[in-house]
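entry34.txt follows (compact mmCIF, C-alpha atoms):
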# COMPACT_ATOMS: atom_id res chain seq x y z
CA MET A 1 33.24 26.06 -22.37
CA ILE A 2 31.23 24.25 -25.01
CA GLY A 3 29.61 25.20 -28.28
CA LEU A 4 26.01 25.15 -29.38
CA ALA A 5 26.14 21.56 -30.68
CA GLU A 6 27.34 20.21 -27.32
CA LEU A 7 24.76 22.27 -25.50
CA LEU A 8 22.00 20.79 -27.65
CA ALA A 9 23.37 17.31 -26.98
CA GLN A 10 23.24 17.92 -23.24
CA VAL A 11 19.73 19.36 -23.23
CA PRO A 12 18.11 17.09 -25.80
CA ALA A 13 14.55 18.37 -25.51
CA VAL A 14 15.34 21.82 -26.86
CA PRO A 15 15.16 22.82 -30.56
CA GLU A 16 18.08 24.91 -31.79
CA ALA A 17 15.84 27.80 -32.88
CA GLU A 18 14.53 28.06 -29.34
CA VAL A 19 18.05 28.34 -27.90
CA THR A 20 18.91 31.09 -30.40
CA LEU A 21 15.82 32.96 -29.33
CA TRP A 22 16.73 32.60 -25.65
CA ILE A 23 20.18 34.02 -26.35
CA GLU A 24 18.73 36.97 -28.27
CA ARG A 25 16.40 37.77 -25.39
CA ARG A 26 19.26 37.38 -22.87
CA TRP A 27 17.37 34.66 -21.00
CA LEU A 28 20.46 32.62 -21.74
CA ARG A 29 23.56 34.75 -21.37
CA ALA A 30 25.92 33.02 -23.74
CA GLU A 31 29.12 34.62 -24.93
CA GLN A 32 30.22 35.18 -28.49
CA ALA A 33 33.10 32.92 -29.45
CA PRO A 34 36.11 34.67 -31.03
CA GLY A 35 35.63 32.80 -34.30
CA GLY A 36 31.85 33.35 -34.40
CA GLY A 37 29.15 31.22 -32.80
CA TRP A 38 28.38 30.91 -29.11
CA VAL A 39 30.15 29.44 -26.11
CA PHE A 40 28.42 28.18 -23.01
CA THR A 41 29.62 27.50 -19.48
CA GLU A 42 28.37 24.69 -17.29
CA MET A 43 26.13 27.23 -15.61
CA ASP A 44 24.58 28.13 -18.95
CA VAL A 45 23.76 24.46 -19.45
CA ALA A 46 21.92 24.45 -16.12
CA ARG A 47 20.16 27.66 -17.14
CA CYS A 48 19.20 26.08 -20.43
CA ARG A 49 17.69 23.12 -18.56
CA LEU A 50 15.72 25.53 -16.41
CA LEU A 51 14.41 27.33 -19.49
CA ALA A 52 13.53 24.00 -21.07
CA GLU A 53 11.61 23.00 -17.95
CA LEU A 54 9.67 26.23 -17.96
CA ARG A 55 9.00 26.55 -21.69
CA ILE A 56 8.76 22.91 -22.79
CA THR A 57 7.90 20.73 -19.80
CA LEU A 58 5.64 23.24 -18.05
CA GLU A 59 4.54 24.86 -21.32
CA LEU A 60 4.76 28.42 -20.02
CA GLU A 61 3.72 31.00 -22.60
CA GLU A 62 6.49 32.99 -24.20
CA GLU A 63 4.82 36.23 -23.05
CA VAL A 64 5.04 35.35 -19.34
CA MET A 65 8.65 34.20 -19.48
CA PRO A 66 10.22 37.66 -18.86
CA LEU A 67 8.06 38.07 -15.76
CA VAL A 68 8.74 34.57 -14.44
CA LEU A 69 12.48 34.82 -15.09
CA SER A 70 12.64 38.26 -13.53
CA LEU A 71 10.95 36.99 -10.36
CA LEU A 72 13.11 33.86 -10.24
CA ASP A 73 16.29 35.86 -10.73
CA GLN A 74 15.26 38.36 -8.09
CA LEU A 75 14.55 35.53 -5.67
CA TYR A 76 18.00 34.07 -6.22
CA ASP A 77 19.57 37.54 -5.93
CA ALA A 78 17.96 37.83 -2.53
CA ARG A 79 19.00 34.33 -1.50
CA ARG A 80 22.60 34.97 -2.56
CA THR A 81 22.63 38.19 -0.59
CA VAL A 82 21.22 36.49 2.50
CA LYS A 83 23.75 33.67 2.16
CA ALA A 84 26.58 36.20 1.87
CA LEU A 85 25.33 38.10 4.91
CA LEU A 86 25.00 34.93 6.96
CA ALA A 87 28.49 33.84 5.94
CA ALA A 88 29.84 37.27 6.91
CA LEU A 89 27.94 37.10 10.19
CA ASP A 90 29.41 33.69 10.89
CA GLN A 91 32.91 35.16 10.92
CA GLN A 92 32.06 37.80 13.53
CA PRO A 93 32.82 37.52 17.26
CA ASP A 94 30.06 35.87 19.25
CA GLU A 95 28.74 39.06 20.86
CA VAL A 96 28.42 40.78 17.49
CA ARG A 97 26.55 37.77 16.13
CA GLN A 98 24.19 37.68 19.08
CA ALA A 99 23.53 41.42 18.86
CA VAL A 100 22.78 41.26 15.14
CA LEU A 101 20.53 38.21 15.53
CA ALA A 102 18.65 39.84 18.42
CA ALA A 103 18.16 43.01 16.37
CA ALA A 104 16.97 40.93 13.39
CA ARG A 105 14.48 39.11 15.59
CA ARG A 106 13.11 42.43 16.82
CA GLU A 107 12.73 43.59 13.23
CA THR A 108 10.79 40.54 12.19
CA GLY A 109 8.64 40.68 15.31
CA MET B 10 29.29 10.29 -22.06
CA GLU B 11 28.69 11.20 -25.63
CA ASP B 12 25.34 11.67 -27.25
CA PRO B 13 24.29 8.14 -28.24
CA TYR B 14 22.78 9.39 -31.51
CA ALA B 15 26.11 10.94 -32.46
CA VAL B 16 27.95 7.75 -31.51
CA LEU B 17 25.77 5.70 -33.83
CA GLY B 18 25.72 8.44 -36.46
CA VAL B 19 21.94 8.47 -36.76
CA PRO B 20 19.50 11.39 -36.55
CA LYS B 21 17.28 11.81 -33.48
CA THR B 22 14.34 10.80 -35.63
CA ALA B 23 15.93 7.49 -36.65
CA SER B 24 13.67 4.44 -36.56
CA ALA B 25 14.48 1.40 -34.46
CA GLU B 26 15.50 -0.41 -37.65
CA GLU B 27 17.89 2.34 -38.69
CA ILE B 28 19.45 2.32 -35.23
CA ARG B 29 19.91 -1.43 -35.37
CA LYS B 30 21.58 -1.23 -38.81
CA ALA B 31 23.91 1.53 -37.68
CA TYR B 32 24.84 -0.48 -34.62
CA ARG B 33 25.56 -3.65 -36.61
CA ARG B 34 27.73 -1.78 -39.04
CA LEU B 35 29.74 0.01 -36.32
CA ALA B 36 29.97 -3.03 -34.08
CA LYS B 37 31.47 -5.01 -36.97
CA GLN B 38 33.81 -2.18 -37.83
CA TRP B 39 35.10 -1.72 -34.27
CA HIS B 40 34.88 -5.20 -32.87
CA PRO B 41 38.01 -5.69 -30.68
CA ASP B 42 38.63 -9.14 -32.09
CA THR B 43 38.80 -7.85 -35.63
CA ASN B 44 40.98 -4.91 -34.64
CA PRO B 45 43.69 -6.40 -32.44
CA ASP B 46 46.20 -3.79 -33.55
CA LYS B 47 43.97 -0.78 -32.83
CA PRO B 48 43.74 -0.11 -29.07
CA GLU B 49 41.11 2.62 -29.59
CA ALA B 50 38.81 0.08 -31.19
CA GLU B 51 37.82 -1.45 -27.89
CA ALA B 52 36.78 1.93 -26.49
CA ARG B 53 34.81 2.72 -29.64
CA PHE B 54 33.12 -0.67 -29.52
CA LYS B 55 32.13 -0.12 -25.90
CA SER B 56 30.61 3.28 -26.55
CA VAL B 57 28.76 1.97 -29.63
CA SER B 58 27.36 -0.89 -27.54
CA ALA B 59 26.35 1.47 -24.73
CA ALA B 60 24.66 3.83 -27.19
CA TYR B 61 22.78 0.95 -28.77
CA ALA B 62 21.76 -0.43 -25.36
CA LEU B 63 20.19 2.90 -24.56
CA LEU B 64 18.54 3.62 -27.90
CA SER B 65 17.29 0.09 -28.58
CA ASP B 66 15.16 0.22 -25.45
CA ALA B 67 12.15 2.32 -26.46
CA GLU B 68 11.43 3.38 -22.91
CA GLN B 69 15.04 4.33 -22.11
CA ARG B 70 15.30 6.14 -25.42
CA ALA B 71 12.16 8.17 -24.66
CA ARG B 72 13.48 9.06 -21.22
CA TYR B 73 16.79 10.13 -22.72
CA ASP B 74 14.98 12.25 -25.31
CA ARG B 75 13.05 13.96 -22.53
CA GLY B 76 16.29 14.60 -20.68
CA GLU B 77 15.36 12.44 -17.69
CA ILE B 78 18.46 10.28 -17.96
CA ASP B 79 21.86 11.05 -19.38
CA ALA B 80 23.70 9.02 -22.01
CA SER B 81 25.08 6.64 -19.37
CA GLY B 82 21.51 5.86 -18.32
CA ALA B 83 21.98 7.61 -14.98
CA GLU B 84 19.12 9.62 -13.62
CA ARG B 85 19.42 13.29 -14.33
CA ALA B 86 19.11 15.47 -11.27
CA PRO B 87 15.45 16.32 -10.85
CA PRO B 88 14.58 19.99 -11.37
CA GLY B 89 15.89 22.05 -8.49
CA GLY B 90 17.92 19.21 -7.07
CA ALA B 91 21.67 18.83 -6.75
CA GLY B 92 23.36 20.17 -9.84
CA GLY B 93 20.15 21.92 -10.87
CA TRP B 94 19.60 25.60 -11.41
CA ARG B 95 19.36 26.42 -7.70
CA ASP B 96 22.91 25.25 -7.00
CA TRP B 97 24.21 27.60 -9.66
CA ALA B 98 21.94 30.50 -8.93
CA GLU B 99 22.83 30.55 -5.24
CA ALA B 100 26.55 30.25 -5.77
CA PRO B 101 28.56 33.50 -6.08
CA GLN B 102 28.73 33.09 -9.87
CA GLY B 103 24.91 33.18 -9.86
CA ALA B 104 25.33 36.95 -10.20
CA ARG B 105 25.81 36.21 -13.91
CA TYR B 106 22.04 35.79 -14.13
CA ARG B 107 21.25 38.67 -11.82
CA SER B 108 17.82 40.16 -12.29
CA TYR B 109 17.65 43.25 -14.45
CA GLY B 110 14.03 43.84 -13.86
CA PHE B 111 11.15 43.07 -16.10
CA SER B 112 12.29 44.71 -19.26
CA PRO B 113 12.38 43.05 -22.64
CA GLU B 114 15.53 44.84 -23.73
CA ALA B 115 17.93 44.17 -20.88
CA GLY B 116 20.72 45.59 -23.01
CA GLU B 117 24.20 46.19 -21.69
CA ILE B 118 25.27 44.44 -18.55
CA ASP B 119 27.35 46.42 -16.15
CA PRO B 120 28.69 44.25 -13.35
CA GLU B 121 27.34 45.53 -10.08
CA GLU B 122 29.25 45.79 -6.84
CA PHE B 123 28.15 43.71 -3.91
CA GLU B 124 27.38 46.89 -1.92
CA GLU B 125 24.94 48.02 -4.57
CA LEU B 126 23.22 44.69 -4.42
CA LEU B 127 22.94 45.04 -0.65
CA ALA B 128 21.56 48.53 -0.98
CA ARG B 129 18.99 47.27 -3.40
CA ALA B 130 18.06 44.33 -1.21
CA PHE B 131 17.80 46.25 2.04
CA GLY B 132 17.63 49.89 1.11
CA GLY B 133 14.07 49.79 -0.16
CA ALA B 134 12.57 49.80 3.31
CA ARG B 135 14.51 52.91 4.32
CA ARG B 136 13.19 54.91 1.41
CA ALA B 137 9.66 53.78 2.13
CA GLY B 138 9.38 56.23 5.04
CA PRO B 139 7.71 55.57 8.41
CA ARG B 140 6.82 51.97 8.95
CA ARG B 141 4.26 50.55 11.31
CA GLY B 142 5.74 48.47 14.14
CA ALA B 143 5.51 44.71 14.03
CA ASP B 144 2.73 42.82 15.80
CA ILE B 145 3.66 40.70 18.80
CA GLU B 146 2.05 37.29 18.85
CA VAL B 147 1.76 35.35 22.08
CA MET B 148 0.05 32.15 23.18
CA LEU B 149 -2.08 32.57 26.28
CA ARG B 150 -3.09 29.49 28.24
CA ILE B 151 -6.14 30.17 30.38
CA PRO B 152 -8.26 28.05 32.74
CA PHE B 153 -11.53 26.65 31.39
CA LEU B 154 -13.67 28.74 33.71
CA ASP B 155 -11.94 31.99 32.71
CA ALA B 156 -12.82 31.19 29.10
CA VAL B 157 -16.50 30.42 29.71
CA ARG B 158 -17.13 33.18 32.27
CA GLY B 159 -14.81 35.82 30.81
CA ALA B 160 -11.95 37.32 32.78
CA VAL B 161 -9.34 40.04 32.90
CA ARG B 162 -5.79 38.72 32.91
CA GLN B 163 -2.53 40.55 33.46
CA ILE B 164 0.07 39.43 30.98
CA THR B 165 3.75 40.25 30.74
CA LEU B 166 5.09 41.08 27.30
CA PRO B 167 8.49 39.89 26.11
CA ASP B 168 9.90 43.36 26.85
CA GLY B 169 8.70 43.21 30.47
CA LYS B 170 5.70 45.51 30.02
CA GLN B 171 2.52 44.51 31.89
CA VAL B 172 -0.79 44.81 30.10
CA SER B 173 -4.26 43.70 31.07
CA LEU B 174 -6.23 41.65 28.62
CA THR B 175 -9.98 41.17 28.72
CA ILE B 176 -11.08 37.67 27.82
CA PRO B 177 -14.68 37.82 26.60
CA LYS B 178 -17.34 35.49 28.00
CA GLY B 179 -17.43 32.23 26.05
CA ALA B 180 -13.97 32.67 24.50
CA GLU B 181 -13.07 29.71 22.33
CA GLU B 182 -9.88 27.76 21.74
CA GLY B 183 -7.65 29.48 19.17
CA MET B 184 -9.47 32.82 19.44
CA VAL B 185 -7.06 35.70 18.85
CA LEU B 186 -7.42 38.78 21.02
CA ARG B 187 -5.97 42.01 19.70
CA LEU B 188 -4.62 44.80 21.85
CA ALA B 189 -4.15 47.69 19.47
CA GLY B 190 -0.92 49.63 19.82
CA GLN B 191 0.73 47.18 22.24
CA GLY B 192 3.08 45.69 19.64
CA ARG B 193 6.54 46.86 18.62
CA PRO B 194 7.08 50.58 18.22
CA GLY B 195 6.94 51.93 14.69
CA ARG B 196 10.05 53.01 12.82
CA GLY B 197 10.38 56.60 11.66
CA GLU B 198 8.47 59.82 12.33
CA GLY B 199 4.83 59.27 13.27
CA ALA B 200 4.88 55.55 12.54
CA PRO B 201 2.19 53.72 14.53
CA PRO B 202 3.14 50.81 16.77
CA GLY B 203 2.01 47.28 15.99
CA ASP B 204 -0.62 45.31 17.88
CA LEU B 205 -0.43 42.58 20.46
CA LEU B 206 -2.12 39.40 19.28
CA ALA B 207 -2.87 36.82 21.95
CA ALA B 208 -4.04 33.39 20.78
CA LEU B 209 -6.01 31.57 23.46
CA GLU B 210 -5.32 28.03 24.53
CA ILE B 211 -7.93 26.72 26.95
CA GLU B 212 -7.01 24.22 29.64
CA PRO B 213 -9.45 21.34 29.96
CA HIS B 214 -11.60 21.24 33.09
CA PRO B 215 -11.69 18.14 35.31
CA PHE B 216 -15.48 17.74 34.93
CA PHE B 217 -16.96 20.44 32.70
CA ARG B 218 -16.87 20.16 28.94
CA ARG B 219 -18.14 22.55 26.35
CA GLU B 220 -20.51 21.93 23.46
CA GLY B 221 -21.15 25.24 21.72
CA LYS B 222 -23.01 27.35 24.29
CA ASP B 223 -23.90 24.35 26.46
CA ILE B 224 -21.82 22.99 29.30
CA LEU B 225 -21.73 19.24 29.70
CA LEU B 226 -21.20 17.68 33.09
CA ASP B 227 -20.78 13.98 33.80
CA LEU B 228 -22.78 13.56 37.01
CA PRO B 229 -22.33 10.45 39.12
CA VAL B 230 -25.45 9.38 41.08
CA THR B 231 -26.04 6.50 43.47
CA LEU B 232 -28.35 3.61 42.64
CA GLN B 233 -30.86 4.92 45.15
CA GLU B 234 -30.80 8.45 43.72
CA ALA B 235 -31.30 7.06 40.23
CA VAL B 236 -34.20 4.74 41.14
CA LEU B 237 -35.95 6.75 43.81
CA GLY B 238 -35.15 10.28 42.63
CA ALA B 239 -33.44 12.94 44.72
CA ARG B 240 -32.61 16.58 45.13
CA ILE B 241 -28.86 16.97 44.95
CA GLU B 242 -26.33 19.78 44.75
CA VAL B 243 -24.40 19.98 41.45
CA PRO B 244 -21.60 22.33 40.38
CA THR B 245 -22.21 24.76 37.53
CA ILE B 246 -19.81 27.23 35.99
CA GLU B 247 -21.32 29.94 38.21
CA GLY B 248 -21.27 27.87 41.42
CA PRO B 249 -23.31 25.04 42.96
CA VAL B 250 -27.10 24.78 42.46
CA THR B 251 -29.68 22.28 43.64
CA MET B 252 -31.31 20.09 41.04
CA THR B 253 -33.93 17.38 41.02
CA ILE B 254 -33.16 13.89 39.80
CA PRO B 255 -36.52 12.41 38.80
CA PRO B 256 -37.26 8.81 39.85
CA HIS B 257 -36.31 6.04 37.34
CA SER B 258 -33.45 8.01 35.80
CA GLY B 259 -31.21 5.51 34.02
CA GLU B 260 -27.57 5.56 33.03
CA GLY B 261 -26.86 8.28 30.44
CA THR B 262 -30.01 10.30 31.15
CA ARG B 263 -29.44 13.93 30.17
CA LEU B 264 -30.94 16.46 32.52
CA ARG B 265 -31.01 20.11 31.58
CA LEU B 266 -30.30 23.04 33.87
CA ARG B 267 -31.87 25.82 31.88
CA GLY B 268 -29.77 28.96 31.37
CA ARG B 269 -26.76 27.64 33.27
CA GLY B 270 -24.54 27.50 30.18
CA ILE B 271 -22.80 30.28 28.28
CA GLU B 272 -24.88 33.27 27.21
CA GLY B 273 -28.29 31.59 27.17
CA GLY B 274 -26.90 28.07 26.77
CA HIS B 275 -27.77 25.32 29.22
CA GLN B 276 -25.88 23.01 31.48
CA ILE B 277 -26.55 19.40 30.67
CA ALA B 278 -25.90 16.82 33.35
CA VAL B 279 -25.28 13.32 32.01
CA LEU B 280 -26.10 10.80 34.72
CA HIS B 281 -23.79 7.92 35.54
CA VAL B 282 -25.16 5.39 37.99
CA VAL B 283 -22.49 4.33 40.46
CA LEU B 284 -23.01 1.00 42.26
CA PRO B 285 -21.84 0.67 45.83
CA GLN B 286 -18.37 -0.78 46.15
CA GLY B 287 -17.86 -4.04 47.98
CA SER B 288 -20.47 -6.55 49.00
CA GLU B 289 -24.05 -5.50 49.82
CA PRO B 290 -25.71 -8.61 51.32
CA ALA B 291 -29.14 -6.98 51.64
CA LEU B 292 -29.14 -5.76 48.05
CA GLU B 293 -27.95 -9.12 46.75
CA GLU B 294 -30.57 -10.96 48.77
CA PHE B 295 -33.26 -8.66 47.44
CA LEU B 296 -32.12 -9.03 43.82
CA ARG B 297 -32.16 -12.81 44.00
CA ASN B 298 -35.85 -12.78 44.86
CA TRP B 299 -36.74 -9.80 42.75
CA MET B 300 -39.04 -10.21 39.77
CA PRO B 301 -38.84 -7.01 37.70
CA GLU B 302 -42.00 -5.54 36.13
CA ASP B 303 -40.01 -4.80 32.99
CA ARG B 304 -38.57 -8.08 31.85
CA ARG B 305 -37.34 -6.99 28.47
CA ASN B 306 -33.88 -8.14 27.45
CA PRO B 307 -31.72 -4.98 27.30
CA ARG B 308 -29.59 -6.72 24.67
CA ALA B 309 -32.52 -7.45 22.39
CA GLY B 310 -31.55 -6.34 18.91
CA MET B 311 -27.88 -7.11 19.52
CA GLN B 312 -28.18 -10.67 18.22
CA ALA B 313 -25.90 -11.26 15.29
CA PRO B 314 -27.89 -11.73 12.05
Could you rewrite the structure in this file as structure tokens?
Amino acid sequence: MIGLAELLAQVPAVPEAEVTLWIERRWLRAEQAPGGGWVFTEMDVARCRLLAELRITLELEEEVMPLVLSLLDQLYDARRTVKALLAALDQQPDEVRQAVLAAARRETG
Amino acid sequence: MEDPYAVLGVPKTASAEEIRKAYRRLAKQWHPDTNPDKPEAEARFKSVSAAYALLSDAEQRARYDRGEIDASGAERAPPGGAGGWRDWAEAPQGARYRSYGFSPEAGEIDPEEFEELLARAFGGARRAGPRRGADIEVMLRIPFLDAVRGAVRQITLPDGKQVSLTIPKGAEEGMVLRLAGQGRPGRGEGAPPGDLLAALEIEPHPFFRREGKDILLDLPVTLQEAVLGARIEVPTIEGPVTMTIPPHSGEGTRLRLRGRGIEGGHQIAVLHVVLPQGSEPALEEFLRNWMPEDRRNPRAGMQAP
């Protein structure tokens, strides 16, 4: 857990006002520290770098950010789900695995 | 690694001169030789030197400012690479940034159960009602003559079903034939089945080639046939026909058999003069004493400039 100052040190390209805005819009899901201010996890730092890439490096308009983030987050939701399913499938007996894979192949044609 | 600006106590906008001054001051203050009784001095001196090494190099400093390298000068993971957003987003804790749809006020976050996520990921199709069956795609390798003449072929589907497929006359490589309704069955009440899509792969022929609607044939002829002319039998895609080789037909002469190609195309025979194998004393004797009418050098114009 780190504070805003450390976050800004780790993602140098980002102005503080921008980070505050991202938190307000919930693009960056920081948590309120007990004594006031924000705390960030390592994952939030990675998220902040992603936002910086999109907004600053790629110069995406502020208006399209909710759409882009929503699509990105949905994509990763789906990938997490698929990963979880594959991991669960991996623990099944061989015949169950084969049956599920065969059925999946039929579904996808 | 600490932020080099913080180590030197200068703002991010500091000029090169300001950075140098800050470094000199701190390096003097924390030099190990002037602080033998302070063990932390050496560590401070090292980090001050490292910070100055980074910030005194304009290029390195710019890269650090852009976030391409970290304070130790090591390359930052490129976007999407190891340690990047993808690693986090795909890990179980990625659910922290789960999608809440495209709404500006995402509001309260209620942690969802995995089952709900599954339902959302896979349940959509069930609610969508009857769904058309998937198409089956197959590769179909057919002989050259079946492609140019057209044919009906029996093919066996992956599920064992036999269907007959009509290959149209003049079918081309990569052409996709569609058999409506021969794909996978649909899912749900009244859902139509998918189609069968067969992509054609055409085997080359030992002597016919195709050029659009024309058929090309490399036709070997003897020296006598080429010089004296002849009527010879040649194969076409519809069977053998007799054709006339006019006298004085040289190597590479293209002779056309009108209408013997595909749908109004022609067959074109390209002559290749084949000399007799082995020794031909009579021919050699004749050639020694032969004075051609046409004494042009066939290699005229090939002289290097």
Grab the atom CA of Asp227 of chain B to atom CA of Ile271 of chain B distance for me, in Å with one decimal place.
->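 Result for atom CA of Asp227 of chain B versus atom CA of Ile271 of chain B: 17.3 Å, one decimal.
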Select residues of chain A: the criterion is any atom within 10 Å of an atom of chain B, counting all atoms listed in the file; output as a PDB file with C-alpha atoms, keeping the file's coordinate frame.
ATOM      1  CA  GLU A   6      27.340  20.210 -27.320  1.00  0.00           C
ATOM      2  CA  LEU A   8      22.000  20.790 -27.650  1.00  0.00           C
ATOM      3  CA  ALA A   9      23.370  17.310 -26.980  1.00  0.00           C
ATOM      4  CA  GLN A  10      23.240  17.920 -23.240  1.00  0.00           C
ATOM      5  CA  VAL A  11      19.730  19.360 -23.230  1.00  0.00           C
ATOM      6  CA  PRO A  12      18.110  17.090 -25.800  1.00  0.00           C
ATOM      7  CA  ALA A  13      14.550  18.370 -25.510  1.00  0.00           C
ATOM      8  CA  VAL A  14      15.340  21.820 -26.860  1.00  0.00           C
ATOM      9  CA  GLU A  24      18.730  36.970 -28.270  1.00  0.00           C
ATOM     10  CA  ARG A  25      16.400  37.770 -25.390  1.00  0.00           C
ATOM     11  CA  ARG A  26      19.260  37.380 -22.870  1.00  0.00           C
ATOM     12  CA  TRP A  27      17.370  34.660 -21.000  1.00  0.00           C
ATOM     13  CA  LEU A  28      20.460  32.620 -21.740  1.00  0.00           C
ATOM     14  CA  ARG A  29      23.560  34.750 -21.370  1.00  0.00           C
ATOM     15  CA  GLU A  42      28.370  24.690 -17.290  1.00  0.00           C
ATOM     16  CA  MET A  43      26.130  27.230 -15.610  1.00  0.00           C
ATOM     17  CA  ASP A  44      24.580  28.130 -18.950  1.00  0.00           C
ATOM     18  CA  VAL A  45      23.760  24.460 -19.450  1.00  0.00           C
ATOM     19  CA  ALA A  46      21.920  24.450 -16.120  1.00  0.00           C
ATOM     20  CA  ARG A  47      20.160  27.660 -17.140  1.00  0.00           C
ATOM     21  CA  CYS A  48      19.200  26.080 -20.430  1.00  0.00           C
ATOM     22  CA  ARG A  49      17.690  23.120 -18.560  1.00  0.00           C
ATOM     23  CA  LEU A  50      15.720  25.530 -16.410  1.00  0.00           C
ATOM     24  CA  LEU A  51      14.410  27.330 -19.490  1.00  0.00           C
ATOM     25  CA  ALA A  52      13.530  24.000 -21.070  1.00  0.00           C
ATOM     26  CA  GLU A  53      11.610  23.000 -17.950  1.00  0.00           C
ATOM     27  CA  ILE A  56       8.760  22.910 -22.790  1.00  0.00           C
ATOM     28  CA  THR A  57       7.900  20.730 -19.800  1.00  0.00           C
ATOM     29  CA  MET A  65       8.650  34.200 -19.480  1.00  0.00           C
ATOM     30  CA  PRO A  66      10.220  37.660 -18.860  1.00  0.00           C
ATOM     31  CA  LEU A  67       8.060  38.070 -15.760  1.00  0.00           C
ATOM     32  CA  VAL A  68       8.740  34.570 -14.440  1.00  0.00           C
ATOM     33  CA  LEU A  69      12.480  34.820 -15.090  1.00  0.00           C
ATOM     34  CA  SER A  70      12.640  38.260 -13.530  1.00  0.00           C
ATOM     35  CA  LEU A  71      10.950  36.990 -10.360  1.00  0.00           C
ATOM     36  CA  LEU A  72      13.110  33.860 -10.240  1.00  0.00           C
ATOM     37  CA  ASP A  73      16.290  35.860 -10.730  1.00  0.00           C
ATOM     38  CA  GLN A  74      15.260  38.360  -8.090  1.00  0.00           C
ATOM     39  CA  LEU A  75      14.550  35.530  -5.670  1.00  0.00           C
ATOM     40  CA  TYR A  76      18.000  34.070  -6.220  1.00  0.00           C
ATOM     41  CA  ASP A  77      19.570  37.540  -5.930  1.00  0.00           C
ATOM     42  CA  ALA A  78      17.960  37.830  -2.530  1.00  0.00           C
ATOM     43  CA  ARG A  79      19.000  34.330  -1.500  1.00  0.00           C
ATOM     44  CA  ARG A  80      22.600  34.970  -2.560  1.00  0.00           C
ATOM     45  CA  THR A  81      22.630  38.190  -0.590  1.00  0.00           C
ATOM     46  CA  VAL A  82      21.220  36.490   2.500  1.00  0.00           C
ATOM     47  CA  LYS A  83      23.750  33.670   2.160  1.00  0.00           C
ATOM     48  CA  ALA A  84      26.580  36.200   1.870  1.00  0.00           C
ATOM     49  CA  LEU A  85      25.330  38.100   4.910  1.00  0.00           C
ATOM     50  CA  ARG A 106      13.110  42.430  16.820  1.00  0.00           C
ATOM     51  CA  GLU A 107      12.730  43.590  13.230  1.00  0.00           C
ATOM     52  CA  THR A 108      10.790  40.540  12.190  1.00  0.00           C
ATOM     53  CA  GLY A 109       8.640  40.680  15.310  1.00  0.00           C
TER      54      GLY A 109
END
Distance criterion (all atoms listed in the file): nearest to Ala23 of chain B out of B:Arg219, B:Pro244, B:Gly287, B:Arg70 | B:Arg70
Between atom CA of Ile151 of chain B and atom CA of Leu209 of chain B, measure the distance and give it in Å to one decimal.
->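 Value for the atom CA of Ile151 of chain B-atom CA of Leu209 of chain B distance: 7.1 Å.
One finds atom CA of Ala208 of chain B at 22.3 Å from atom CA of Ile224 of chain B.
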Polymer residues at most 10 Å from segment 33-43 of chain B, only C-alpha atoms, same-chain spacing of 5 or more positions, as a ChimeraX atom specification | /B:16-18,27-28,48-58,61
Find the spatial neighbours of Gly259 of chain B, counting all atoms listed in the file, within a cut-off of 8 Å - ignore same-chain residues fewer than 6 positions away - and output them as a list in words.
-> Ala235, Val236, Leu280, His281 and Val282 of chain B
Using all atoms listed in the file, which of the listed residues (A:Ile2, A:Leu58, A:Ala104, A:Leu7) sits closest to Ala33 of chain A?
->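 With all atoms listed in the file as the atom set, the closest residue is A:Ile2.
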Six-sided padding of 8 Å per side, axis-aligned box over segment 75-81 of chain A, centre and edges in Å, one decimal, as AutoDock Vina command-line options:
--center_x 18.6 --center_y 36.1 --center_z -3.4 --size_x 24.1 --size_y 20.1 --size_z 21.6
Identify the residues around (5.6, 40.2, 27.0) within a radius of 10 Å, measuring from only C-alpha atoms in the coordinates stated by the file, and give them as a VMD selection string.
-> chain B and resid 145 to 147 164 to 172 191 to 192 205
Quick one: residues within 10 Å of Arg140 of chain B, all atoms listed in the file counted, chain neighbours fewer than 4 positions away excluded, as a PyMOL selection string?
-> chain B and resi 134-135+194-203
